[in-house]
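*Asks:* File work.cif below, mmCIF, C-alpha atoms and all ligand atoms:
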```cif
data_data
#
loop_
_atom_site.label_atom_id
_atom_site.label_comp_id
_atom_site.auth_asym_id
_atom_site.auth_seq_id
_atom_site.Cartn_x
_atom_site.Cartn_y
_atom_site.Cartn_z
CA MET Q 1 -115.34 220.49 -256.15
CA LEU Q 2 -113.80 222.63 -253.42
CA GLN Q 3 -115.30 220.26 -250.89
CA ASP Q 4 -112.91 217.58 -252.21
CA LEU Q 5 -109.97 219.88 -251.70
CA SER Q 6 -108.16 220.14 -248.48
CA THR Q 7 -104.94 221.34 -247.06
CA GLU Q 8 -104.10 217.69 -246.38
CA ARG Q 9 -102.88 217.04 -249.89
CA MET Q 10 -101.62 219.15 -252.75
CA TYR Q 11 -104.14 219.24 -255.59
CA GLN Q 12 -102.59 218.12 -258.86
CA ILE Q 13 -103.80 217.15 -262.33
CA LEU Q 14 -100.47 216.63 -264.10
CA THR Q 15 -97.43 215.20 -262.36
CA PRO Q 16 -94.03 216.73 -263.18
CA GLU Q 17 -93.54 213.83 -265.62
CA GLY Q 18 -96.76 214.82 -267.43
CA ARG Q 19 -98.87 211.92 -266.09
CA VAL Q 20 -102.57 212.72 -265.61
CA VAL Q 21 -103.58 212.10 -261.99
CA GLY Q 22 -106.62 214.37 -261.67
CA GLU Q 23 -109.78 215.22 -263.54
CA LEU Q 24 -108.91 217.17 -266.69
CA PRO Q 25 -110.96 220.33 -267.24
CA ASP Q 26 -112.97 220.17 -270.45
CA LEU Q 27 -111.22 222.80 -272.56
CA PRO Q 28 -110.76 223.14 -276.32
CA ALA Q 29 -107.34 222.36 -277.80
CA GLU Q 30 -106.94 225.95 -279.06
CA GLN Q 31 -107.35 227.21 -275.52
CA LEU Q 32 -104.62 224.90 -274.25
CA VAL Q 33 -102.23 225.90 -277.04
CA SER Q 34 -102.94 229.58 -276.41
CA TRP Q 35 -102.10 229.12 -272.72
CA TYR Q 36 -98.90 227.34 -273.63
CA ARG Q 37 -97.98 230.29 -275.84
CA TRP Q 38 -98.71 232.69 -272.98
CA MET Q 39 -96.38 230.79 -270.66
CA ILE Q 40 -93.61 231.00 -273.24
CA PHE Q 41 -94.40 234.68 -273.69
CA GLY Q 42 -94.10 235.22 -269.93
CA ARG Q 43 -90.72 233.52 -269.76
CA VAL Q 44 -89.21 235.18 -272.83
CA PHE Q 45 -90.55 238.57 -271.71
CA SER Q 46 -89.05 238.11 -268.25
CA ASP Q 47 -85.66 237.01 -269.64
CA ARG Q 48 -85.66 239.97 -272.00
CA LEU Q 49 -86.38 242.46 -269.23
CA VAL Q 50 -83.53 241.01 -267.16
CA ALA Q 51 -81.20 241.39 -270.17
CA LEU Q 52 -82.37 244.99 -270.73
CA GLN Q 53 -81.73 245.79 -267.08
CA ARG Q 54 -78.21 244.38 -267.33
CA GLN Q 55 -77.57 246.75 -270.22
CA GLY Q 56 -78.93 249.76 -268.34
CA ARG Q 57 -82.05 249.89 -270.50
CA MET Q 58 -84.57 248.88 -267.81
CA GLY Q 59 -85.04 249.55 -264.10
CA THR Q 60 -84.90 246.89 -261.38
CA PHE Q 61 -86.98 243.92 -262.51
CA THR Q 62 -88.43 240.91 -260.67
CA PRO Q 63 -88.25 237.81 -262.90
CA LEU Q 64 -91.14 235.36 -262.93
CA ASN Q 65 -89.30 232.27 -264.23
CA GLY Q 66 -90.70 229.09 -262.75
CA GLN Q 67 -93.98 230.72 -261.76
CA GLU Q 68 -95.60 230.89 -265.20
CA ALA Q 69 -98.26 228.24 -264.49
CA ALA Q 70 -99.37 229.84 -261.24
CA SER Q 71 -99.45 233.33 -262.77
CA LEU Q 72 -101.41 232.25 -265.81
CA GLY Q 73 -103.65 229.75 -264.03
CA LEU Q 74 -104.83 232.32 -261.51
CA ALA Q 75 -105.80 234.84 -264.18
CA ALA Q 76 -107.28 232.50 -266.78
CA PRO Q 77 -110.60 231.75 -265.01
CA LEU Q 78 -111.47 235.44 -264.53
CA GLN Q 79 -114.11 237.28 -266.49
CA PRO Q 80 -113.04 240.60 -268.05
CA LYS Q 81 -114.91 242.59 -265.40
CA ASP Q 82 -113.56 240.68 -262.43
CA TRP Q 83 -110.78 242.55 -260.62
CA LEU Q 84 -107.17 241.56 -260.07
CA ALA Q 85 -104.95 243.10 -257.39
CA ALA Q 86 -101.53 241.47 -257.45
CA SER Q 87 -97.83 242.14 -256.93
CA TYR Q 88 -94.69 242.80 -258.97
CA ARG Q 89 -94.28 239.01 -259.52
CA GLU Q 90 -97.55 238.55 -261.43
CA THR Q 91 -96.61 240.28 -264.67
CA LEU Q 92 -97.91 237.34 -266.72
CA SER Q 93 -101.29 237.42 -264.94
CA TYR Q 94 -101.63 241.04 -266.05
CA LEU Q 95 -100.49 240.41 -269.62
CA VAL Q 96 -103.04 237.61 -270.00
CA ARG Q 97 -105.78 239.98 -268.87
CA GLY Q 98 -104.82 242.36 -271.63
CA VAL Q 99 -102.60 244.83 -269.79
CA SER Q 100 -100.11 246.09 -272.35
CA PRO Q 101 -96.50 244.85 -272.08
CA LEU Q 102 -95.56 248.53 -272.43
CA ALA Q 103 -97.43 249.30 -269.20
CA ILE Q 104 -95.29 246.74 -267.42
CA MET Q 105 -92.09 247.98 -269.02
CA GLU Q 106 -92.86 251.60 -268.19
CA TRP Q 107 -93.71 250.64 -264.63
CA TYR Q 108 -90.38 248.83 -264.21
CA ARG Q 109 -88.54 251.71 -265.77
CA GLY Q 110 -89.93 253.87 -262.96
CA TYR Q 111 -92.41 255.81 -265.07
CA ILE Q 112 -95.76 256.91 -263.76
CA THR Q 113 -97.71 255.02 -266.37
CA GLN Q 114 -101.33 255.46 -267.31
CA ARG Q 115 -101.38 252.27 -269.28
CA PHE Q 116 -102.83 250.23 -266.38
CA SER Q 117 -106.20 251.12 -267.78
CA ARG Q 118 -109.35 250.79 -265.72
CA GLU Q 119 -110.94 248.77 -268.53
CA LYS Q 120 -108.68 245.82 -267.79
CA HIS Q 121 -109.79 245.81 -264.16
CA CYS Q 122 -106.23 245.33 -262.91
CA LEU Q 123 -104.78 247.50 -260.16
CA PRO Q 124 -101.22 248.65 -260.82
CA LEU Q 125 -98.64 246.07 -259.69
CA GLN Q 126 -98.13 246.44 -255.94
CA VAL Q 127 -94.72 246.61 -254.25
CA VAL Q 128 -95.83 247.33 -250.67
CA LEU Q 129 -96.17 243.73 -249.50
CA ALA Q 130 -99.77 242.58 -248.96
CA ALA Q 131 -101.27 246.08 -249.35
CA GLN Q 132 -103.03 244.78 -252.45
CA THR Q 133 -104.92 242.19 -250.37
CA LEU Q 134 -106.70 245.05 -248.58
CA HIS Q 135 -107.38 246.82 -251.85
CA GLY Q 136 -108.79 243.57 -253.23
CA VAL Q 137 -111.13 243.19 -250.26
CA GLY Q 138 -112.21 246.83 -250.64
CA ILE Q 139 -113.08 246.23 -254.27
CA ALA Q 140 -114.89 242.99 -253.41
CA MET Q 141 -116.97 244.76 -250.76
CA ALA Q 142 -117.85 247.53 -253.23
CA LEU Q 143 -118.97 244.90 -255.75
CA LYS Q 144 -121.07 243.25 -253.07
CA TYR Q 145 -122.73 246.51 -251.97
CA GLU Q 146 -123.52 247.37 -255.56
CA GLY Q 147 -124.97 243.90 -256.15
CA LYS Q 148 -122.61 243.27 -259.06
CA PRO Q 149 -121.84 239.74 -260.22
CA GLU Q 150 -118.07 240.32 -260.41
CA VAL Q 151 -115.47 239.09 -257.96
CA ALA Q 152 -111.96 240.15 -256.96
CA VAL Q 153 -108.81 238.07 -256.89
CA THR Q 154 -105.79 239.15 -254.91
CA VAL Q 155 -102.33 237.61 -255.00
CA CYS Q 156 -99.30 237.90 -252.75
CA GLY Q 157 -96.14 235.99 -251.92
CA ASP Q 158 -95.34 233.67 -249.00
CA GLY Q 159 -93.36 236.42 -247.29
CA ALA Q 160 -96.23 238.88 -247.59
CA THR Q 161 -98.43 236.58 -245.49
CA SER Q 162 -96.51 237.76 -242.41
CA GLU Q 163 -97.69 241.33 -242.98
CA PRO Q 164 -100.51 242.65 -240.79
CA ASP Q 165 -102.35 243.73 -243.97
CA PHE Q 166 -102.70 240.12 -245.13
CA ASN Q 167 -104.23 239.09 -241.83
CA ASP Q 168 -106.54 242.11 -241.70
CA ALA Q 169 -107.69 241.37 -245.23
CA LEU Q 170 -108.47 237.72 -244.48
CA ASN Q 171 -110.30 238.62 -241.30
CA PHE Q 172 -112.45 241.32 -242.88
CA ALA Q 173 -113.22 239.16 -245.91
CA GLY Q 174 -114.18 236.23 -243.67
CA VAL Q 175 -116.47 238.25 -241.43
CA PHE Q 176 -118.22 240.09 -244.27
CA LYS Q 177 -118.15 237.25 -246.80
CA ALA Q 178 -116.41 239.37 -249.41
CA PRO Q 179 -116.54 237.94 -252.95
CA ILE Q 180 -112.79 237.47 -253.20
CA VAL Q 181 -110.19 234.78 -253.76
CA PHE Q 182 -106.84 235.06 -251.98
CA ILE Q 183 -103.95 233.40 -253.74
CA VAL Q 184 -100.55 232.99 -252.15
CA GLN Q 185 -97.73 232.26 -254.54
CA ASN Q 186 -95.54 230.24 -252.22
CA ASN Q 187 -92.29 230.30 -254.18
CA GLY Q 188 -90.20 229.14 -251.25
CA TRP Q 189 -88.44 232.41 -250.54
CA ALA Q 190 -89.01 236.02 -249.55
CA ILE Q 191 -85.76 237.36 -250.96
CA SER Q 192 -83.32 235.44 -248.70
CA VAL Q 193 -85.84 234.41 -246.02
CA PRO Q 194 -87.07 230.83 -246.43
CA ARG Q 195 -90.75 229.95 -246.27
CA GLN Q 196 -90.25 228.12 -242.91
CA ARG Q 197 -89.55 231.46 -241.26
CA GLN Q 198 -92.96 232.89 -242.19
CA THR Q 199 -95.25 230.53 -240.29
CA ALA Q 200 -94.94 227.42 -238.13
CA VAL Q 201 -98.02 225.81 -239.72
CA GLU Q 202 -97.38 223.20 -242.37
CA HIS Q 203 -99.23 224.99 -245.15
CA ILE Q 204 -100.00 228.68 -245.51
CA ALA Q 205 -103.46 227.67 -246.74
CA CYS Q 206 -104.15 226.19 -243.26
CA ARG Q 207 -104.16 229.72 -241.91
CA GLY Q 208 -107.54 230.30 -243.58
CA VAL Q 209 -109.17 228.21 -240.86
CA GLY Q 210 -108.39 230.84 -238.22
CA PHE Q 211 -110.33 233.39 -240.27
CA GLY Q 212 -113.22 231.09 -241.18
CA LEU Q 213 -112.05 230.61 -244.78
CA PRO Q 214 -111.67 227.32 -246.60
CA GLY Q 215 -108.14 226.81 -247.80
CA CYS Q 216 -106.54 224.57 -250.36
CA VAL Q 217 -103.05 223.72 -251.51
CA VAL Q 218 -102.37 223.36 -255.21
CA ASP Q 219 -99.32 222.42 -257.23
CA GLY Q 220 -98.45 225.87 -258.57
CA ASN Q 221 -96.39 224.39 -261.40
CA ASP Q 222 -99.40 222.50 -262.73
CA LEU Q 223 -101.29 224.94 -264.93
CA LEU Q 224 -104.48 222.89 -265.20
CA ALA Q 225 -104.63 222.29 -261.45
CA VAL Q 226 -104.21 226.00 -260.66
CA TYR Q 227 -106.83 226.88 -263.26
CA ARG Q 228 -109.26 224.35 -261.83
CA VAL Q 229 -108.88 225.35 -258.20
CA VAL Q 230 -109.08 229.09 -258.91
CA ALA Q 231 -112.08 228.60 -261.22
CA ASP Q 232 -113.91 226.80 -258.40
CA ALA Q 233 -113.00 229.43 -255.82
CA VAL Q 234 -114.10 232.20 -258.20
CA ALA Q 235 -117.43 230.40 -258.77
CA ARG Q 236 -117.83 230.09 -255.01
CA ALA Q 237 -117.23 233.81 -254.49
CA ARG Q 238 -119.57 234.68 -257.36
CA ALA Q 239 -122.31 232.52 -255.87
CA GLY Q 240 -122.12 234.56 -252.63
CA ASP Q 241 -120.46 231.78 -250.64
CA GLY Q 242 -117.51 233.91 -249.56
CA PRO Q 243 -113.74 233.97 -249.83
CA THR Q 244 -111.21 231.15 -250.27
CA LEU Q 245 -107.49 231.00 -249.54
CA ILE Q 246 -105.42 229.14 -252.12
CA GLU Q 247 -101.74 228.36 -251.70
CA ALA Q 248 -99.93 227.63 -254.94
CA ILE Q 249 -96.69 225.78 -254.30
CA THR Q 250 -94.11 226.89 -256.80
CA TYR Q 251 -90.53 228.06 -256.98
CA ARG Q 252 -88.75 231.21 -258.07
CA MET Q 253 -86.09 229.90 -260.46
CA GLY Q 254 -84.43 233.27 -260.94
CA ALA Q 255 -83.22 235.94 -258.58
CA HIS Q 256 -85.69 237.83 -256.40
CA SER Q 257 -84.91 240.84 -258.53
CA THR Q 258 -82.09 242.09 -260.70
CA ALA Q 259 -80.63 243.52 -257.45
CA ASP Q 260 -80.34 240.08 -255.82
CA ASP Q 261 -77.90 237.16 -255.98
CA PRO Q 262 -79.70 233.99 -254.84
CA ASN Q 263 -76.47 231.94 -254.89
CA LYS Q 264 -75.68 233.61 -251.58
CA TYR Q 265 -78.54 231.90 -249.76
CA ARG Q 266 -79.85 228.85 -251.61
CA SER Q 267 -78.29 225.64 -252.86
CA GLN Q 268 -77.73 224.36 -256.38
CA ALA Q 269 -79.32 221.07 -255.30
CA GLU Q 270 -82.58 222.87 -254.47
CA LEU Q 271 -82.53 224.65 -257.80
CA GLN Q 272 -81.89 221.42 -259.70
CA ALA Q 273 -84.72 219.63 -257.91
CA TRP Q 274 -87.15 222.38 -258.91
CA ALA Q 275 -85.84 222.49 -262.49
CA LYS Q 276 -87.34 219.00 -262.83
CA ARG Q 277 -90.74 220.46 -261.98
CA ASP Q 278 -90.60 223.15 -264.67
CA PRO Q 279 -94.19 224.24 -265.41
CA ILE Q 280 -93.68 224.87 -269.12
CA ALA Q 281 -91.87 221.58 -269.79
CA ARG Q 282 -94.63 219.71 -267.96
CA PHE Q 283 -97.45 221.28 -269.97
CA ARG Q 284 -95.50 220.96 -273.21
CA LYS Q 285 -95.09 217.22 -272.67
CA PHE Q 286 -98.81 216.91 -272.01
CA LEU Q 287 -99.64 218.75 -275.26
CA LEU Q 288 -97.12 216.72 -277.29
CA ASP Q 289 -98.29 213.39 -275.84
CA ARG Q 290 -101.88 214.20 -276.80
CA PHE Q 291 -100.94 215.48 -280.27
CA ILE Q 292 -102.36 218.88 -279.43
CA LEU Q 293 -98.98 220.35 -280.35
CA ASP Q 294 -96.08 219.07 -282.42
CA GLU Q 295 -92.39 219.92 -282.23
CA ARG Q 296 -92.55 222.04 -285.38
CA ASP Q 297 -95.48 224.18 -284.16
CA ASP Q 298 -93.69 224.54 -280.87
CA GLY Q 299 -90.48 225.81 -282.50
CA ARG Q 300 -92.44 228.17 -284.73
CA MET Q 301 -94.40 229.53 -281.80
CA CYS Q 302 -91.22 230.24 -279.81
CA GLU Q 303 -89.76 232.16 -282.74
CA GLU Q 304 -93.00 234.14 -283.17
CA VAL Q 305 -93.04 235.08 -279.50
CA LYS Q 306 -89.42 236.26 -279.63
CA ALA Q 307 -90.17 238.40 -282.70
CA GLU Q 308 -93.27 239.84 -281.04
CA ILE Q 309 -91.28 240.76 -277.94
CA GLN Q 310 -88.51 242.28 -280.06
CA GLU Q 311 -91.08 244.60 -281.63
CA ILE Q 312 -92.43 245.55 -278.21
CA VAL Q 313 -88.90 246.36 -277.01
CA GLU Q 314 -88.36 248.57 -280.05
CA THR Q 315 -91.60 250.46 -279.34
CA TYR Q 316 -90.61 250.78 -275.68
CA GLU Q 317 -87.20 252.20 -276.52
CA ALA Q 318 -88.75 254.76 -278.85
CA LEU Q 319 -91.07 256.09 -276.12
CA PRO Q 320 -90.49 259.69 -275.08
CA PRO Q 321 -89.05 260.34 -271.61
CA GLN Q 322 -91.48 260.61 -268.72
CA ASN Q 323 -93.32 263.92 -268.51
CA PRO Q 324 -92.83 264.89 -264.82
CA ALA Q 325 -96.23 266.61 -264.73
CA GLN Q 326 -97.80 263.16 -265.09
CA LEU Q 327 -96.69 262.40 -261.55
CA PHE Q 328 -99.61 264.51 -260.38
CA GLU Q 329 -102.18 263.21 -262.78
CA VAL Q 330 -102.67 259.56 -261.94
CA LEU Q 331 -103.39 259.60 -258.23
CA TYR Q 332 -106.59 261.57 -257.73
CA ALA Q 333 -109.77 261.78 -259.82
CA ASP Q 334 -110.01 265.39 -258.56
CA MET Q 335 -106.60 266.83 -257.85
CA PRO Q 336 -106.48 268.66 -254.48
CA PRO Q 337 -105.63 272.41 -254.72
CA GLN Q 338 -102.17 272.09 -253.13
CA LEU Q 339 -101.17 269.49 -255.74
CA GLN Q 340 -102.57 271.67 -258.52
CA ARG Q 341 -100.30 274.49 -257.25
CA GLN Q 342 -97.28 272.18 -257.00
CA ARG Q 343 -97.94 270.91 -260.49
CA LEU Q 344 -98.04 274.44 -261.91
CA ASP Q 345 -94.79 275.31 -260.06
CA MET Q 346 -93.12 272.24 -261.49
CA VAL Q 347 -94.29 272.90 -265.03
CA ALA Q 348 -93.13 276.51 -264.75
CA ALA Q 349 -89.70 275.43 -263.49
CA SER Q 350 -89.11 272.81 -266.18
C1 LIG J 1 -94.22 246.30 -246.50
C2 LIG J 1 -92.94 245.91 -247.18
N1 LIG J 1 -91.90 245.46 -246.46
C3 LIG J 1 -90.75 245.10 -247.08
C4 LIG J 1 -90.62 245.19 -248.44
C5 LIG J 1 -89.31 244.79 -249.12
N2 LIG J 1 -89.52 243.55 -249.88
C6 LIG J 1 -89.76 243.58 -251.21
S1 LIG J 1 -90.02 242.07 -251.82
C7 LIG J 1 -89.78 241.33 -250.34
C8 LIG J 1 -89.93 239.83 -250.21
C9 LIG J 1 -91.29 239.37 -250.58
O1 LIG J 1 -91.37 237.98 -250.57
P1 LIG J 1 -92.70 237.22 -250.97
O2 LIG J 1 -93.87 237.88 -250.33
O3 LIG J 1 -92.49 235.79 -250.70
O4 LIG J 1 -92.86 237.50 -252.53
P2 LIG J 1 -91.87 237.06 -253.72
O5 LIG J 1 -90.93 238.20 -253.94
O6 LIG J 1 -91.19 235.82 -253.30
O7 LIG J 1 -92.77 236.87 -254.90
C10 LIG J 1 -89.49 242.28 -249.36
C11 LIG J 1 -89.22 241.97 -247.95
C12 LIG J 1 -91.72 245.69 -249.15
N3 LIG J 1 -91.72 245.79 -250.48
N4 LIG J 1 -92.88 246.01 -248.52
MG MG J 2 -91.90 234.32 -252.01
#
```
Go through the file and emit its structure as structure tokens.
Ligand SMILES: Cc1ncc(C[n+]2csc(CCOP(=O)(O)OP(=O)(O)O)c2C)c(N)n1
Ligand SMILES: [Mg+2]

*Replies:*
Amino acid sequence: MLQDLSTERMYQILTPEGRVVGELPDLPAEQLVSWYRWMIFGRVFSDRLVALQRQGRMGTFTPLNGQEAASLGLAAPLQPKDWLAASYRETLSYLVRGVSPLAIMEWYRGYITQRFSREKHCLPLQVVLAAQTLHGVGIAMALKYEGKPEVAVTVCGDGATSEPDFNDALNFAGVFKAPIVFIVQNNGWAISVPRQRQTAVEHIACRGVGFGLPGCVVDGNDLLAVYRVVADAVARARAGDGPTLIEAITYRMGAHSTADDPNKYRSQAELQAWAKRDPIARFRKFLLDRFILDERDDGRMCEEVKAEIQEIVETYEALPPQNPAQLFEVLYADMPPQLQRQRLDMVAAS
């Protein structure tokens, strides 16, 4: 299907009004309802972490509101052994892959957490913009050398595409046909810098051409469209046909982080226009219209999710403080001698 896709038009299956305009993927109703629940989970979780931060119970947090469809849709087509290397914005992508909410909460609290387990094949959330794209290509090349059937997916923001790392990653992946999918979550802003300041080309996905990669633009607030496009690109990488660059057009409804005030740089009119494209409302309408979900199930599900998150918060707050010695333990498989000495000094001093 990727042949049908182009950077000329934005691929879409459901319009913001919930009208079907593309080919629906053949998926069971339970799958669709479970995805809907995950999007609600992502939003409630994000809101809760913002509230905890405001009360001094959480570190700086980067909300994902508005980007639930892109975050879920990019992770949903992956097999458990495929790899994901993404940024601080993709908390929902990680949760869907089975990373524990506690891992995310510890990470945002500033703990050195060991809960990003290798079994989930997710690298820890990356803050250094675009560095994860290189890590993703490295993993993809390792998979290729070892003749493994898995692929890597790497995700960054629109602002991160201006980093040298992003360009190096695309170039290397293009030349060596790495089994990887690059996804750019174009949410309109890099903190206060608008998307227009990152590149003069019309779509970020067009930049793939310069590296020999096919690119496509997808409506990032259309869960089924993101799923479909990423599933095709993953299949392409798995078949040995090389990397793809996908641009998901979405919008960050909240602040960049709990340390940011977006009212200083963007208009209410822009926010209101994007509120009409809400990814959860769009998918909900689709499910209700098709009788896959009813209002009562929906209400019950929201309450369940809130209760589940409340329990997670209680577990999180009962966690012991960080053991400083752990700082040394997560970086190297074999700790170098100077770090072993520093670790012993630290333990002795504490
Ligand atoms: C290499 C590097 N430079 C600068 C920063 C500071 N910084 C953190 S987030 C951010 C904006 C990123 O915007 P974008 O890539 O669009 O991702 P978004 O936050 O919108 O998801 C910047 C400049 C950083 N983390 N890393
Ligand atoms: Mg951005």

*Asks:* Using only C-alpha atoms and all ligand atoms, what are the residues with an atom within 10 Å of ligand LIG 1 (chain J), set out as a PyMOL selection string?

*Replies:* chain Q and resi 62-64+67+87-90+126-131+155-165+184-195+198+251-252+255-257

*Asks:* Write the residues of the selection above to a file with C-alpha atoms, as a compact mmCIF listing (two decimals), in the coordinates of the input.

*Replies:*
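Saved to result_3.txt:
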```txt
# COMPACT_ATOMS: atom_id res chain seq x y z
CA THR Q 62 -88.43 240.91 -260.67
CA PRO Q 63 -88.25 237.81 -262.90
CA LEU Q 64 -91.14 235.36 -262.93
CA GLN Q 67 -93.98 230.72 -261.76
CA SER Q 87 -97.83 242.14 -256.93
CA TYR Q 88 -94.69 242.80 -258.97
CA ARG Q 89 -94.28 239.01 -259.52
CA GLU Q 90 -97.55 238.55 -261.43
CA GLN Q 126 -98.13 246.44 -255.94
CA VAL Q 127 -94.72 246.61 -254.25
CA VAL Q 128 -95.83 247.33 -250.67
CA LEU Q 129 -96.17 243.73 -249.50
CA ALA Q 130 -99.77 242.58 -248.96
CA ALA Q 131 -101.27 246.08 -249.35
CA VAL Q 155 -102.33 237.61 -255.00
CA CYS Q 156 -99.30 237.90 -252.75
CA GLY Q 157 -96.14 235.99 -251.92
CA ASP Q 158 -95.34 233.67 -249.00
CA GLY Q 159 -93.36 236.42 -247.29
CA ALA Q 160 -96.23 238.88 -247.59
CA THR Q 161 -98.43 236.58 -245.49
CA SER Q 162 -96.51 237.76 -242.41
CA GLU Q 163 -97.69 241.33 -242.98
CA PRO Q 164 -100.51 242.65 -240.79
CA ASP Q 165 -102.35 243.73 -243.97
CA VAL Q 184 -100.55 232.99 -252.15
CA GLN Q 185 -97.73 232.26 -254.54
CA ASN Q 186 -95.54 230.24 -252.22
CA ASN Q 187 -92.29 230.30 -254.18
CA GLY Q 188 -90.20 229.14 -251.25
CA TRP Q 189 -88.44 232.41 -250.54
CA ALA Q 190 -89.01 236.02 -249.55
CA ILE Q 191 -85.76 237.36 -250.96
CA SER Q 192 -83.32 235.44 -248.70
CA VAL Q 193 -85.84 234.41 -246.02
CA PRO Q 194 -87.07 230.83 -246.43
CA ARG Q 195 -90.75 229.95 -246.27
CA GLN Q 198 -92.96 232.89 -242.19
CA TYR Q 251 -90.53 228.06 -256.98
CA ARG Q 252 -88.75 231.21 -258.07
CA ALA Q 255 -83.22 235.94 -258.58
CA HIS Q 256 -85.69 237.83 -256.40
CA SER Q 257 -84.91 240.84 -258.53
```

*Asks:* Distance atom CA of Q:Asp334-atom CA of Q:Ile104, one decimal place?

*Replies:* 25.4 Å

*Asks:* Which one of Q:Thr60, Q:Ser93, Q:Thr258, Q:Thr250 sits closest to ligand MG 2 (chain J) if you count all atoms listed in the file?

*Replies:*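 Between Q:Thr60, Q:Ser93, Q:Thr258, Q:Thr250, the residue approaching ligand MG 2 (chain J) most closely is Q:Thr250.
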
*Asks:* For Q:Ala307, which of Q:Phe116, Q:Phe182, Q:Trp83, Q:Phe41 is the closest residue, counting all atoms listed in the file?

*Replies:* Q:Phe41

*Asks:* Mind pulling up the distance from atom CA of Q:Gly42 to atom CA of Q:Ala275?

*Replies:* 16.9 Å

*Asks:* Have a look at atom CA of Q:Asp298 and atom CA of Q:Glu311 and let me know their distance in Å, one decimal.

*Replies:*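 Atom-to-atom, atom CA of Q:Asp298 to atom CA of Q:Glu311, that is 20.2 Å.
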
*Asks:* For stretch 325-336 of chain Q of the structure just presented, write N, CA, C and O atoms to a file, as an mmCIF file, in the first residue's frame.

*Replies:*
```
data_model
loop_
_atom_site.group_PDB
_atom_site.id
_atom_site.type_symbol
_atom_site.label_atom_id
_atom_site.label_comp_id
_atom_site.auth_asym_id
_atom_site.auth_seq_id
_atom_site.Cartn_x
_atom_site.Cartn_y
_atom_site.Cartn_z
ATOM 1 N N ALA Q 325 23.383 4.319 44.903
ATOM 2 C CA ALA Q 325 24.328 3.363 44.303
ATOM 3 C C ALA Q 325 23.823 2.862 42.953
ATOM 4 O O ALA Q 325 24.604 2.456 42.089
ATOM 5 N N GLN Q 326 22.501 2.933 42.759
ATOM 6 C CA GLN Q 326 21.914 2.466 41.492
ATOM 7 C C GLN Q 326 22.378 3.290 40.295
ATOM 8 O O GLN Q 326 22.377 2.822 39.173
ATOM 9 N N LEU Q 327 22.774 4.530 40.589
ATOM 10 C CA LEU Q 327 23.282 5.398 39.521
ATOM 11 C C LEU Q 327 24.367 4.697 38.723
ATOM 12 O O LEU Q 327 24.528 4.910 37.527
ATOM 13 N N PHE Q 328 25.141 3.877 39.385
ATOM 14 C CA PHE Q 328 26.290 3.242 38.746
ATOM 15 C C PHE Q 328 25.894 1.949 38.022
ATOM 16 O O PHE Q 328 26.651 1.438 37.221
ATOM 17 N N GLU Q 329 24.745 1.435 38.372
ATOM 18 C CA GLU Q 329 24.463 0.054 37.990
ATOM 19 C C GLU Q 329 23.769 -0.129 36.655
ATOM 20 O O GLU Q 329 23.729 -1.239 36.141
ATOM 21 N N VAL Q 330 23.212 0.933 36.098
ATOM 22 C CA VAL Q 330 22.389 0.721 34.915
ATOM 23 C C VAL Q 330 23.098 1.024 33.595
ATOM 24 O O VAL Q 330 22.568 0.731 32.532
ATOM 25 N N LEU Q 331 24.294 1.607 33.681
ATOM 26 C CA LEU Q 331 24.901 2.095 32.443
ATOM 27 C C LEU Q 331 25.727 1.054 31.716
ATOM 28 O O LEU Q 331 25.635 0.909 30.493
ATOM 29 N N TYR Q 332 26.546 0.314 32.457
ATOM 30 C CA TYR Q 332 27.456 -0.639 31.819
ATOM 31 C C TYR Q 332 27.082 -2.073 32.191
ATOM 32 O O TYR Q 332 26.727 -2.346 33.337
ATOM 33 N N ALA Q 333 27.252 -2.997 31.231
ATOM 34 C CA ALA Q 333 27.093 -4.417 31.553
ATOM 35 C C ALA Q 333 28.242 -4.809 32.483
ATOM 36 O O ALA Q 333 28.041 -5.515 33.482
ATOM 37 N N ASP Q 334 29.458 -4.334 32.172
ATOM 38 C CA ASP Q 334 30.619 -4.568 33.040
ATOM 39 C C ASP Q 334 31.116 -3.194 33.484
ATOM 40 O O ASP Q 334 31.633 -2.427 32.676
ATOM 41 N N MET Q 335 30.965 -2.944 34.774
ATOM 42 C CA MET Q 335 31.296 -1.605 35.272
ATOM 43 C C MET Q 335 32.810 -1.378 35.223
ATOM 44 O O MET Q 335 33.568 -2.206 35.747
ATOM 45 N N PRO Q 336 33.278 -0.288 34.624
ATOM 46 C CA PRO Q 336 34.719 -0.029 34.578
ATOM 47 C C PRO Q 336 35.272 0.174 35.997
ATOM 48 O O PRO Q 336 34.534 0.626 36.884
#
```
